[in-house]
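S.K.: Contents of target06.txt (compact mmCIF, C-alpha atoms) are given next:
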```txt
# COMPACT_ATOMS: atom_id res chain seq x y z
CA MET X 1 41.15 29.43 -66.42
CA ARG X 2 42.34 27.38 -63.45
CA TYR X 3 43.07 30.62 -61.55
CA ALA X 4 39.68 32.03 -62.42
CA LEU X 5 37.97 28.90 -61.05
CA GLY X 6 40.08 29.06 -57.87
CA LEU X 7 39.20 32.73 -57.42
CA LEU X 8 35.52 31.95 -57.86
CA LEU X 9 35.67 29.20 -55.24
CA VAL X 10 37.52 31.44 -52.78
CA GLY X 11 35.01 34.18 -53.45
CA LEU X 12 32.03 31.88 -52.84
CA GLY X 13 33.71 30.48 -49.75
CA SER X 14 34.33 33.91 -48.29
CA LEU X 15 30.75 34.89 -49.11
CA GLY X 16 29.58 31.92 -47.15
CA TRP X 17 31.98 32.73 -44.33
CA GLU X 18 30.68 36.24 -44.03
CA THR X 19 26.96 35.39 -44.11
CA PRO X 20 26.36 32.43 -41.78
CA GLY X 21 22.62 33.27 -41.70
CA LEU X 22 22.18 31.71 -45.14
CA ALA X 23 23.44 28.30 -44.02
CA HIS X 24 21.03 25.56 -42.79
CA GLY X 25 21.84 26.02 -39.14
CA VAL X 26 19.72 24.22 -36.59
CA HIS X 27 19.02 25.48 -33.11
CA ILE X 28 17.27 23.35 -30.55
CA GLN X 29 15.83 24.95 -27.50
CA HIS X 30 14.22 23.05 -24.71
CA ARG X 31 12.14 23.67 -21.68
CA VAL X 32 10.59 21.31 -19.17
CA ILE X 33 6.80 21.20 -19.23
CA SER X 34 4.19 19.04 -17.56
CA GLY X 35 1.70 17.16 -19.71
CA ILE X 36 -0.87 14.45 -19.45
CA GLU X 37 -0.47 10.91 -20.75
CA ILE X 38 -3.43 8.61 -20.97
CA GLN X 39 -3.32 4.90 -21.74
CA ALA X 40 -6.44 3.17 -23.05
CA ARG X 41 -6.81 -0.58 -22.69
CA TYR X 42 -9.61 -3.04 -23.28
CA ASP X 43 -10.61 -4.84 -20.12
CA SER X 44 -8.87 -7.94 -21.48
CA GLY X 45 -5.65 -5.94 -20.91
CA GLU X 46 -4.83 -5.29 -24.57
CA PRO X 47 -3.98 -1.71 -25.53
CA MET X 48 -6.42 0.18 -27.75
CA GLN X 49 -4.15 0.73 -30.76
CA ALA X 50 -4.91 3.62 -33.13
CA ALA X 51 -8.07 4.50 -31.21
CA GLN X 52 -9.53 7.96 -31.77
CA VAL X 53 -8.99 10.45 -28.97
CA SER X 54 -11.03 13.65 -28.52
CA ILE X 55 -10.08 16.10 -25.80
CA TYR X 56 -12.59 18.65 -24.51
CA ALA X 57 -11.54 21.75 -22.61
CA PRO X 58 -13.54 22.76 -19.50
CA GLY X 59 -16.63 24.74 -20.45
CA ASN X 60 -16.82 23.46 -24.02
CA PRO X 61 -18.07 19.88 -24.02
CA SER X 62 -19.27 19.98 -27.64
CA ASP X 63 -16.23 21.03 -29.69
CA PRO X 64 -13.05 19.00 -29.26
CA TRP X 65 -10.04 21.09 -28.18
CA LEU X 66 -7.70 18.48 -29.67
CA LYS X 67 -8.11 15.28 -31.68
CA GLY X 68 -5.64 12.49 -32.28
CA THR X 69 -5.03 8.75 -32.20
CA THR X 70 -3.37 6.49 -29.66
CA ASP X 71 -0.04 4.79 -30.35
CA ALA X 72 0.67 1.03 -30.42
CA GLU X 73 0.61 0.95 -26.61
CA GLY X 74 -2.73 2.76 -26.45
CA ARG X 75 -1.02 5.93 -25.19
CA PHE X 76 -1.76 9.55 -26.03
CA ARG X 77 0.00 12.64 -24.65
CA PHE X 78 -1.19 16.20 -24.59
CA THR X 79 -0.50 19.41 -22.70
CA PRO X 80 -3.63 21.18 -21.47
CA ASP X 81 -3.93 24.94 -21.66
CA ALA X 82 -2.99 26.37 -18.23
CA ASN X 83 -5.40 29.25 -18.76
CA GLN X 84 -8.34 26.85 -18.70
CA PRO X 85 -8.30 25.13 -15.31
CA GLY X 86 -11.05 22.64 -14.53
CA ASN X 87 -12.05 19.18 -15.63
CA TRP X 88 -10.61 18.20 -19.00
CA GLU X 89 -12.55 15.37 -20.62
CA VAL X 90 -10.72 12.77 -22.67
CA LYS X 91 -12.84 10.50 -24.86
CA VAL X 92 -11.31 7.41 -26.45
CA ARG X 93 -13.27 5.44 -29.01
CA GLN X 94 -12.67 2.50 -31.32
CA ALA X 95 -15.14 0.24 -33.13
CA GLY X 96 -18.12 1.33 -31.04
CA HIS X 97 -16.24 0.82 -27.77
CA GLY X 98 -14.79 3.54 -25.64
CA ASP X 99 -14.84 5.52 -22.45
CA ILE X 100 -14.63 9.06 -21.12
CA VAL X 101 -12.26 10.13 -18.36
CA SER X 102 -12.42 13.47 -16.58
CA ILE X 103 -9.02 14.85 -15.56
CA PRO X 104 -8.90 17.73 -13.07
CA VAL X 105 -6.33 20.36 -14.01
CA ALA X 106 -5.49 22.96 -11.36
CA ALA X 107 -4.88 26.63 -12.15
CA MET X 108 -1.27 27.80 -11.89
CA ASP X 109 -0.50 31.11 -10.17
CA GLY X 110 2.63 33.15 -9.65
CA PRO X 111 5.83 32.83 -11.66
CA MET X 112 4.75 29.55 -13.27
CA ALA X 113 1.62 31.13 -14.75
CA GLY X 114 1.53 30.63 -18.48
CA GLU X 115 3.27 27.29 -18.25
CA PRO X 116 1.20 24.17 -18.84
CA ALA X 117 -0.71 23.00 -15.80
CA THR X 118 0.05 19.89 -13.82
CA VAL X 119 -2.15 17.09 -12.57
CA PRO X 120 -1.43 14.46 -9.94
CA SER X 121 -0.14 11.43 -11.81
CA ALA X 122 -1.94 8.99 -9.53
CA SER X 123 -5.32 10.12 -10.81
CA LEU X 124 -4.38 8.94 -14.30
CA MET X 125 -3.11 5.53 -13.34
CA LYS X 126 -6.22 4.15 -11.76
CA GLN X 127 -9.84 5.13 -12.06
CA PRO X 128 -11.80 5.39 -8.82
CA GLY X 129 -14.02 2.37 -8.37
CA GLU X 130 -11.78 0.08 -10.43
CA LEU X 131 -11.43 -3.33 -8.76
CA SER X 132 -8.29 -5.42 -8.45
CA PRO X 133 -8.39 -8.76 -10.36
CA VAL X 134 -9.01 -10.74 -7.16
CA LYS X 135 -11.90 -8.52 -6.06
CA HIS X 136 -13.22 -8.56 -9.61
CA TRP X 137 -13.43 -12.37 -9.71
CA VAL X 138 -14.77 -12.59 -6.15
CA THR X 139 -17.60 -10.23 -7.19
CA ILE X 140 -18.29 -12.31 -10.30
CA ALA X 141 -18.35 -15.49 -8.16
CA ALA X 142 -20.80 -13.84 -5.73
CA VAL X 143 -23.19 -12.92 -8.56
CA VAL X 144 -22.91 -16.43 -10.06
CA TRP X 145 -23.66 -17.92 -6.64
CA GLY X 146 -26.77 -15.70 -6.52
CA PHE X 147 -28.00 -17.24 -9.79
CA ILE X 148 -27.22 -20.77 -8.55
CA GLY X 149 -29.05 -20.02 -5.30
CA THR X 150 -32.08 -18.84 -7.28
CA ALA X 151 -32.01 -22.05 -9.32
CA LEU X 152 -31.78 -24.18 -6.16
CA PHE X 153 -34.61 -22.24 -4.49
CA PHE X 154 -37.02 -22.72 -7.37
CA SER X 155 -36.09 -26.37 -7.93
CA ARG X 156 -36.63 -27.19 -4.22
CA GLY X 157 -40.39 -26.59 -4.31
CA LYS X 158 -41.06 -29.38 -6.76
CA ARG X 159 -39.70 -32.15 -4.53
CA MET F 1 -19.84 -6.44 -28.10
CA HIS F 2 -21.76 -4.38 -25.56
CA ILE F 3 -22.45 -0.76 -26.45
CA PRO F 4 -21.12 1.37 -23.55
CA ASP F 5 -22.49 4.65 -22.21
CA GLY F 6 -21.77 7.73 -24.29
CA ILE F 7 -21.61 6.05 -27.70
CA LEU F 8 -25.23 6.42 -28.78
CA PRO F 9 -27.47 9.52 -28.66
CA ALA F 10 -30.12 9.77 -25.91
CA GLN F 11 -33.02 9.19 -28.31
CA VAL F 12 -31.60 5.81 -29.37
CA CYS F 13 -31.06 4.80 -25.72
CA ALA F 14 -34.69 5.74 -24.94
CA ALA F 15 -35.94 3.81 -27.97
CA GLY F 16 -33.87 0.82 -26.80
CA TYR F 17 -35.57 0.92 -23.40
CA ALA F 18 -38.99 1.16 -25.08
CA ILE F 19 -38.32 -1.88 -27.29
CA THR F 20 -36.88 -3.82 -24.35
CA GLY F 21 -39.93 -2.96 -22.22
CA LEU F 22 -42.28 -4.26 -24.91
CA ALA F 23 -40.17 -7.38 -25.51
CA THR F 24 -40.01 -8.16 -21.78
CA TRP F 25 -43.79 -7.75 -21.46
CA TYR F 26 -44.34 -10.07 -24.43
CA SER F 27 -41.89 -12.66 -23.05
CA LEU F 28 -43.51 -12.66 -19.61
CA ARG F 29 -46.93 -13.02 -21.19
CA GLN F 30 -45.76 -16.03 -23.22
CA ILE F 31 -44.17 -17.52 -20.07
CA ASN F 32 -47.40 -17.01 -18.08
CA ARG F 33 -49.31 -19.02 -20.67
CA LYS F 34 -47.26 -22.11 -19.83
CA PRO F 35 -48.93 -24.70 -17.58
CA ASP F 36 -46.21 -24.19 -14.91
CA PRO F 37 -44.40 -20.86 -15.44
CA MET F 38 -42.06 -21.52 -12.48
CA ALA F 39 -40.83 -24.86 -13.80
CA GLU F 40 -38.15 -23.44 -16.07
CA ILE F 41 -36.77 -20.83 -13.67
CA PRO F 42 -33.89 -23.05 -12.40
CA LYS F 43 -32.74 -23.71 -15.98
CA ALA F 44 -33.10 -20.02 -16.88
CA SER F 45 -31.22 -18.94 -13.76
CA LEU F 46 -28.27 -21.27 -14.42
CA LEU F 47 -28.02 -20.16 -18.05
CA THR F 48 -28.20 -16.51 -16.94
CA ALA F 49 -25.13 -17.25 -14.80
CA ALA F 50 -23.41 -18.77 -17.85
CA PHE F 51 -24.34 -15.72 -19.96
CA PHE F 52 -23.05 -13.39 -17.23
CA VAL F 53 -19.67 -15.16 -17.00
CA ALA F 54 -19.29 -15.70 -20.77
CA SER F 55 -18.44 -12.06 -21.41
CA SER F 56 -15.32 -12.50 -19.24
CA ILE F 57 -14.04 -15.35 -21.45
CA TYR F 58 -11.89 -13.88 -24.19
CA ILE F 59 -10.84 -15.38 -27.51
CA PRO F 60 -7.69 -13.67 -28.82
CA ILE F 61 -8.30 -12.60 -32.42
CA PRO F 62 -5.69 -10.02 -33.52
CA PRO F 63 -5.52 -7.06 -33.26
CA ALA F 64 -7.80 -7.22 -30.19
CA SER F 65 -9.73 -10.01 -28.55
CA VAL F 66 -13.41 -10.81 -28.52
CA HIS F 67 -15.50 -12.45 -25.85
CA LEU F 68 -18.30 -14.98 -25.91
CA ILE F 69 -21.91 -13.72 -25.88
CA LEU F 70 -24.05 -16.94 -25.84
CA ASN F 71 -27.32 -15.17 -26.69
CA GLY F 72 -28.05 -17.72 -29.44
CA LEU F 73 -27.52 -20.56 -26.95
CA LEU F 74 -29.90 -18.97 -24.46
CA GLY F 75 -32.51 -18.54 -27.19
CA VAL F 76 -32.24 -22.17 -28.33
CA VAL F 77 -32.43 -23.67 -24.83
CA LEU F 78 -34.66 -21.18 -22.98
CA GLY F 79 -37.13 -19.99 -25.60
CA TYR F 80 -39.12 -17.02 -24.25
CA PHE F 81 -37.20 -17.11 -20.97
CA SER F 82 -34.13 -15.98 -22.93
CA PHE F 83 -35.12 -12.30 -23.12
CA PRO F 84 -35.54 -11.71 -19.36
CA ALA F 85 -32.45 -13.88 -18.75
CA ILE F 86 -30.36 -11.72 -21.12
CA LEU F 87 -31.77 -8.51 -19.61
CA ILE F 88 -30.83 -9.59 -16.06
CA GLY F 89 -27.41 -10.88 -17.22
CA LEU F 90 -26.68 -7.58 -18.98
CA PHE F 91 -27.74 -5.58 -15.91
CA PHE F 92 -25.20 -7.43 -13.75
CA GLN F 93 -22.53 -7.24 -16.47
CA ALA F 94 -22.96 -3.44 -16.58
CA LEU F 95 -22.82 -3.16 -12.79
CA VAL F 96 -20.09 -5.67 -11.95
CA ILE F 97 -17.88 -6.18 -14.99
CA GLY F 98 -18.36 -2.80 -16.61
CA HIS F 99 -19.50 -4.26 -19.95
CA GLY F 100 -22.13 -2.07 -21.56
CA GLY F 101 -23.79 0.60 -19.45
CA LEU F 102 -27.00 1.45 -17.68
CA THR F 103 -28.09 4.04 -20.27
CA THR F 104 -27.53 1.49 -23.06
CA LEU F 105 -29.03 -1.46 -21.17
CA GLY F 106 -32.22 -1.26 -23.24
CA VAL F 107 -30.34 -1.10 -26.55
CA ASN F 108 -28.03 -3.98 -25.59
CA ALA F 109 -30.93 -6.14 -24.33
CA ALA F 110 -32.87 -5.59 -27.58
CA MET F 111 -29.68 -6.16 -29.63
CA MET F 112 -29.02 -9.54 -27.99
CA GLY F 113 -32.48 -10.63 -26.84
CA ILE F 114 -34.51 -10.29 -30.06
CA PRO F 115 -31.92 -12.37 -32.03
CA ALA F 116 -32.26 -14.95 -29.22
CA TRP F 117 -35.96 -15.26 -30.11
CA ALA F 118 -34.95 -15.73 -33.76
CA ALA F 119 -32.52 -18.47 -32.67
CA TYR F 120 -35.31 -20.15 -30.68
CA HIS F 121 -37.71 -20.20 -33.62
CA LEU F 122 -34.99 -21.43 -35.98
CA PHE F 123 -34.17 -24.27 -33.57
CA GLN F 124 -37.84 -25.19 -33.22
CA ALA F 125 -37.95 -25.63 -37.01
CA HIS F 126 -36.09 -28.93 -36.52
CA ARG F 127 -39.49 -30.45 -35.69
CA TYR F 128 -40.71 -29.78 -39.24
CA LEU F 129 -37.65 -29.54 -41.47
CA GLY F 130 -34.96 -32.05 -42.41
CA ARG F 131 -37.03 -35.09 -41.49
CA LYS F 132 -34.80 -37.31 -43.63
CA LEU F 133 -31.84 -36.70 -41.30
CA PRO F 134 -31.40 -38.82 -38.17
CA GLU F 135 -32.84 -37.04 -35.11
CA PRO F 136 -29.55 -36.30 -33.26
CA THR F 137 -27.98 -34.90 -36.44
CA ARG F 138 -31.04 -32.76 -37.12
CA ILE F 139 -31.14 -31.42 -33.56
CA ALA F 140 -27.39 -30.67 -33.56
CA LEU F 141 -27.61 -28.97 -36.96
CA PHE F 142 -30.48 -26.69 -35.98
CA ALA F 143 -28.89 -25.94 -32.61
CA PHE F 144 -25.68 -24.95 -34.43
CA LEU F 145 -27.65 -22.74 -36.83
CA GLY F 146 -29.60 -21.17 -33.92
CA GLY F 147 -26.44 -20.44 -31.91
CA THR F 148 -24.75 -18.94 -34.96
CA LEU F 149 -27.77 -16.91 -36.09
CA GLY F 150 -28.32 -15.42 -32.62
CA LEU F 151 -24.86 -13.91 -32.49
CA GLY F 152 -24.79 -13.08 -36.22
CA LEU F 153 -27.94 -10.95 -36.00
CA SER F 154 -26.62 -9.19 -32.88
CA VAL F 155 -23.37 -8.32 -34.68
CA LEU F 156 -25.35 -6.93 -37.62
CA ILE F 157 -27.50 -4.76 -35.30
CA PHE F 158 -24.34 -3.57 -33.49
CA LEU F 159 -22.66 -2.69 -36.79
CA THR F 160 -25.73 -0.79 -38.02
CA LEU F 161 -26.25 1.14 -34.76
CA VAL F 162 -22.61 2.23 -34.48
CA ILE F 163 -22.20 3.24 -38.13
CA LEU F 164 -25.52 5.13 -38.24
CA HIS F 165 -24.73 7.14 -35.13
CA LEU F 166 -21.16 8.28 -35.58
CA PRO F 167 -20.62 11.65 -33.87
CA ALA F 168 -19.26 14.53 -35.95
CA GLU F 169 -15.89 14.71 -34.18
CA VAL F 170 -15.01 11.10 -35.04
CA ASP F 171 -13.02 10.24 -38.17
CA ALA F 172 -15.87 8.34 -39.85
CA ARG F 173 -13.73 6.35 -42.28
CA ALA F 174 -11.35 5.05 -39.61
CA GLU F 175 -14.21 4.20 -37.25
CA GLN F 176 -16.18 2.40 -39.98
CA ALA F 177 -13.09 0.35 -40.89
CA ALA F 178 -12.56 -0.50 -37.21
CA VAL F 179 -16.21 -1.54 -36.74
CA VAL F 180 -16.18 -3.73 -39.85
CA ALA F 181 -12.91 -5.41 -38.75
CA PHE F 182 -14.39 -5.93 -35.27
CA SER F 183 -17.52 -7.50 -36.75
CA LEU F 184 -15.51 -9.80 -39.03
CA GLY F 185 -13.60 -10.94 -35.94
CA HIS F 186 -16.92 -12.27 -34.62
CA VAL F 187 -17.33 -14.76 -37.46
CA LEU F 188 -15.08 -17.20 -35.60
CA VAL F 189 -17.00 -16.56 -32.35
CA MET F 190 -20.24 -17.34 -34.22
CA VAL F 191 -18.84 -20.73 -35.24
CA VAL F 192 -17.55 -21.39 -31.70
CA GLU F 193 -20.90 -20.48 -30.14
CA GLY F 194 -22.77 -22.55 -32.76
CA LEU F 195 -20.62 -25.60 -31.93
CA PHE F 196 -21.02 -25.00 -28.20
CA THR F 197 -24.80 -24.72 -28.57
CA ALA F 198 -24.93 -27.93 -30.64
CA MET F 199 -22.84 -29.81 -28.04
CA LEU F 200 -24.98 -28.61 -25.12
CA VAL F 201 -28.25 -29.37 -26.90
CA LEU F 202 -27.04 -32.85 -27.91
CA PHE F 203 -26.02 -33.51 -24.30
CA LEU F 204 -29.41 -32.32 -22.99
CA HIS F 205 -31.18 -34.37 -25.68
CA ARG F 206 -29.46 -37.52 -24.44
CA ALA F 207 -29.37 -36.80 -20.69
CA LYS F 208 -32.60 -34.87 -20.02
CA PRO F 209 -34.65 -34.31 -23.18
CA GLU F 210 -37.56 -32.72 -21.27
CA LEU F 211 -35.34 -29.64 -20.75
CA LEU F 212 -35.56 -28.97 -24.51
CA GLU F 213 -39.35 -29.13 -24.61
CA SER F 214 -39.91 -25.39 -23.95
```
How does the structure come out when it is put into structure tokens?

M.R.:
Amino acid sequence: MRYALGLLLVGLGSLGWETPGLAHGVHIQHRVISGIEIQARYDSGEPMQAAQVSIYAPGNPSDPWLKGTTDAEGRFRFTPDANQPGNWEVKVRQAGHGDIVSIPVAAMDGPMAGEPATVPSASLMKQPGELSPVKHWVTIAAVVWGFIGTALFFSRGKR
Amino acid sequence: MHIPDGILPAQVCAAGYAITGLATWYSLRQINRKPDPMAEIPKASLLTAAFFVASSIYIPIPPASVHLILNGLLGVVLGYFSFPAILIGLFFQALVIGHGGLTTLGVNAAMMGIPAWAAYHLFQAHRYLGRKLPEPTRIALFAFLGGTLGLGLSVLIFLTLVILHLPAEVDARAEQAAVVAFSLGHVLVMVVEGLFTAMLVLFLHRAKPELLES
């Protein structure tokens, strides 16, 4: 009986040895691709956590190409389709607040065609027209001074 | 709590402008009926500056933070001047700070300005109600209620507008939960603004009571 069990084990072992395709082998392949990462923040500086993201491919502004949610840092990553160059629109929304950013994606030619497209990273870091904190507060102070000036102007006439 | 561009459909934005146009016309007509319409412009201008800056003052309430609105305060102190003051304040907030947007200016002005009228009329009720209370207590109480009601009504309008106009691509359940949590976060701001309104009105009542006669 003990021999029979040993023979069975050897038999099963050799079966396994001869057919490695049945085992749970894992193969990991990798390739380097370029993607887009957005980060959504409220203007108080806090990240928009778990905000809803809708991505629209160029030429189809009504149906989202991809939907998802931001992570705890307000980040969301995606890889646009290289075959659809143009302005990709990313809409982030949470609790009735949100914004839309348009990201230009250039067409790729030559040997890299078919790979995901690339965008200049600088265009994602800062929106055009966004003021630095100092300029922001100087502008606010200028507007407030306008209101104070109006108040002074209209109070002067009564004296 | 400003509704930015791109959140509401165009019809709602147009309706917001129509309501704001009517409300501004009505406010200016009421102001013109005063014996000296210019007399309150300095007060209105200074409080417009306060309203403009208030949206840059944040109160951290996890998970995000909320900012002051002060529409109830403007209603209580300015009366019919509050609507044009809020409209001008919102215009500069959209241009300079990026709060709200130009397409939603009408909706935001109606959302904050009409509750300011409600706050004004509630505050004016202190002349007829609660006569048994001492005058400063009565004034402070109604100012608190006016400041709280102004913001409370605005939050309710915001909640209704956002939930009724969810676009198809948005996960409705998640967005509704987020809007409700955001609105609940404003309960503390309502209390803060009510207290602030009561303190300012009490100060004006003692220092320059004629400023509250509007």

S.K.: Of the candidates F:Leu141, F:Val162, F:Leu211, F:Val201, which shows the shortest atom-to-atom distance to chain X, using all atoms listed in the file?

M.R.: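 Answer, going by the shortest atom-to-atom distance: F:Val162.
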
S.K.: At a cut-off of 7 Å, list the chain F residues touching chain X, using only C-alpha atoms, as a PDB file with C-alpha atoms, keeping the file's coordinate frame.

M.R.:
```
ATOM      1  CA  ILE F   3     -22.450  -0.760 -26.450  1.00  0.00           C
ATOM      2  CA  PRO F   4     -21.120   1.370 -23.550  1.00  0.00           C
ATOM      3  CA  ILE F   7     -21.610   6.050 -27.700  1.00  0.00           C
ATOM      4  CA  ILE F  41     -36.770 -20.830 -13.670  1.00  0.00           C
ATOM      5  CA  PRO F  42     -33.890 -23.050 -12.400  1.00  0.00           C
ATOM      6  CA  LYS F  43     -32.740 -23.710 -15.980  1.00  0.00           C
ATOM      7  CA  SER F  45     -31.220 -18.940 -13.760  1.00  0.00           C
ATOM      8  CA  LEU F  46     -28.270 -21.270 -14.420  1.00  0.00           C
ATOM      9  CA  ALA F  49     -25.130 -17.250 -14.800  1.00  0.00           C
ATOM     10  CA  ALA F  64      -7.800  -7.220 -30.190  1.00  0.00           C
ATOM     11  CA  VAL F 162     -22.610   2.230 -34.480  1.00  0.00           C
ATOM     12  CA  GLU F 175     -14.210   4.200 -37.250  1.00  0.00           C
ATOM     13  CA  ALA F 178     -12.560  -0.500 -37.210  1.00  0.00           C
ATOM     14  CA  VAL F 179     -16.210  -1.540 -36.740  1.00  0.00           C
ATOM     15  CA  PHE F 182     -14.390  -5.930 -35.270  1.00  0.00           C
TER      16      PHE F 182
END
```

S.K.: Provide the CA of Pro9 (chain F) to CA of His165 (chain F) distance in Å, to one decimal place.

M.R.: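 Going from CA of Pro9 (chain F) over to CA of His165 (chain F) covers 7.4 Å.
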
S.K.: What is the distance between CA of Gly79 (chain F) and CA of Glu40 (chain F), in Å to one decimal?

M.R.: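 The value is 10.2 Å.
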
S.K.: Name all residues at most 12 Å from Ala18 (chain F) (count only C-alpha atoms; drop same-chain ones fewer than 3 positions away) and give them as a PDB file with C-alpha atoms, keeping the file's coordinate frame.

M.R.:
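Below is the file that was written, around05.pdb:
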```pdb
ATOM      1  CA  GLN F  11     -33.020   9.190 -28.310  1.00  0.00           C
ATOM      2  CA  VAL F  12     -31.600   5.810 -29.370  1.00  0.00           C
ATOM      3  CA  CYS F  13     -31.060   4.800 -25.720  1.00  0.00           C
ATOM      4  CA  ALA F  14     -34.690   5.740 -24.940  1.00  0.00           C
ATOM      5  CA  ALA F  15     -35.940   3.810 -27.970  1.00  0.00           C
ATOM      6  CA  GLY F  21     -39.930  -2.960 -22.220  1.00  0.00           C
ATOM      7  CA  LEU F  22     -42.280  -4.260 -24.910  1.00  0.00           C
ATOM      8  CA  ALA F  23     -40.170  -7.380 -25.510  1.00  0.00           C
ATOM      9  CA  THR F  24     -40.010  -8.160 -21.780  1.00  0.00           C
ATOM     10  CA  TRP F  25     -43.790  -7.750 -21.460  1.00  0.00           C
ATOM     11  CA  THR F 104     -27.530   1.490 -23.060  1.00  0.00           C
ATOM     12  CA  LEU F 105     -29.030  -1.460 -21.170  1.00  0.00           C
ATOM     13  CA  GLY F 106     -32.220  -1.260 -23.240  1.00  0.00           C
ATOM     14  CA  VAL F 107     -30.340  -1.100 -26.550  1.00  0.00           C
ATOM     15  CA  ALA F 109     -30.930  -6.140 -24.330  1.00  0.00           C
ATOM     16  CA  ALA F 110     -32.870  -5.590 -27.580  1.00  0.00           C
TER      17      ALA F 110
END
```

S.K.: Please, what distance in Å, to one decimal, runs between CA of Pro209 (chain F) and CA of Gly130 (chain F)?

M.R.: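 CA of Pro209 (chain F) sits 19.4 Å away from CA of Gly130 (chain F).
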
S.K.: So which residues touch Val101 (chain X) within 10 Å, counting only C-alpha atoms, skipping near sequence neighbours fewer than 5 positions away, as a PyMOL selection string?

M.R.: chain X and resi 38+55+87-92+124+127

S.K.: Need to verify the contact set: Ile31 (chain F), 9 Å, only C-alpha atoms, exclusion of same-chain residues closer than 6 positions in sequence. Can you return it as a PyMOL selection string?

M.R.: chain F and resi 37-38+80-81

S.K.: Taking 2 positions as the minimum chain separation for residues in the same chain, which residues sit within 10 Å of Leu70 (chain F) when counting only C-alpha atoms? Answer as a VMD selection string.

M.R.: chain F and resid 47 to 48 50 to 52 54 to 55 67 to 68 72 to 75 86 112 116 147 to 148 150 to 151 189 to 190 192 to 194 196 to 197

S.K.: For Ser102 (chain X), which residue out of X:Val26, X:Ala57, X:Val32, X:Leu66 is the nearest one, using all atoms listed in the file?

M.R.: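 Answer, going by the shortest atom-to-atom distance: X:Ala57.
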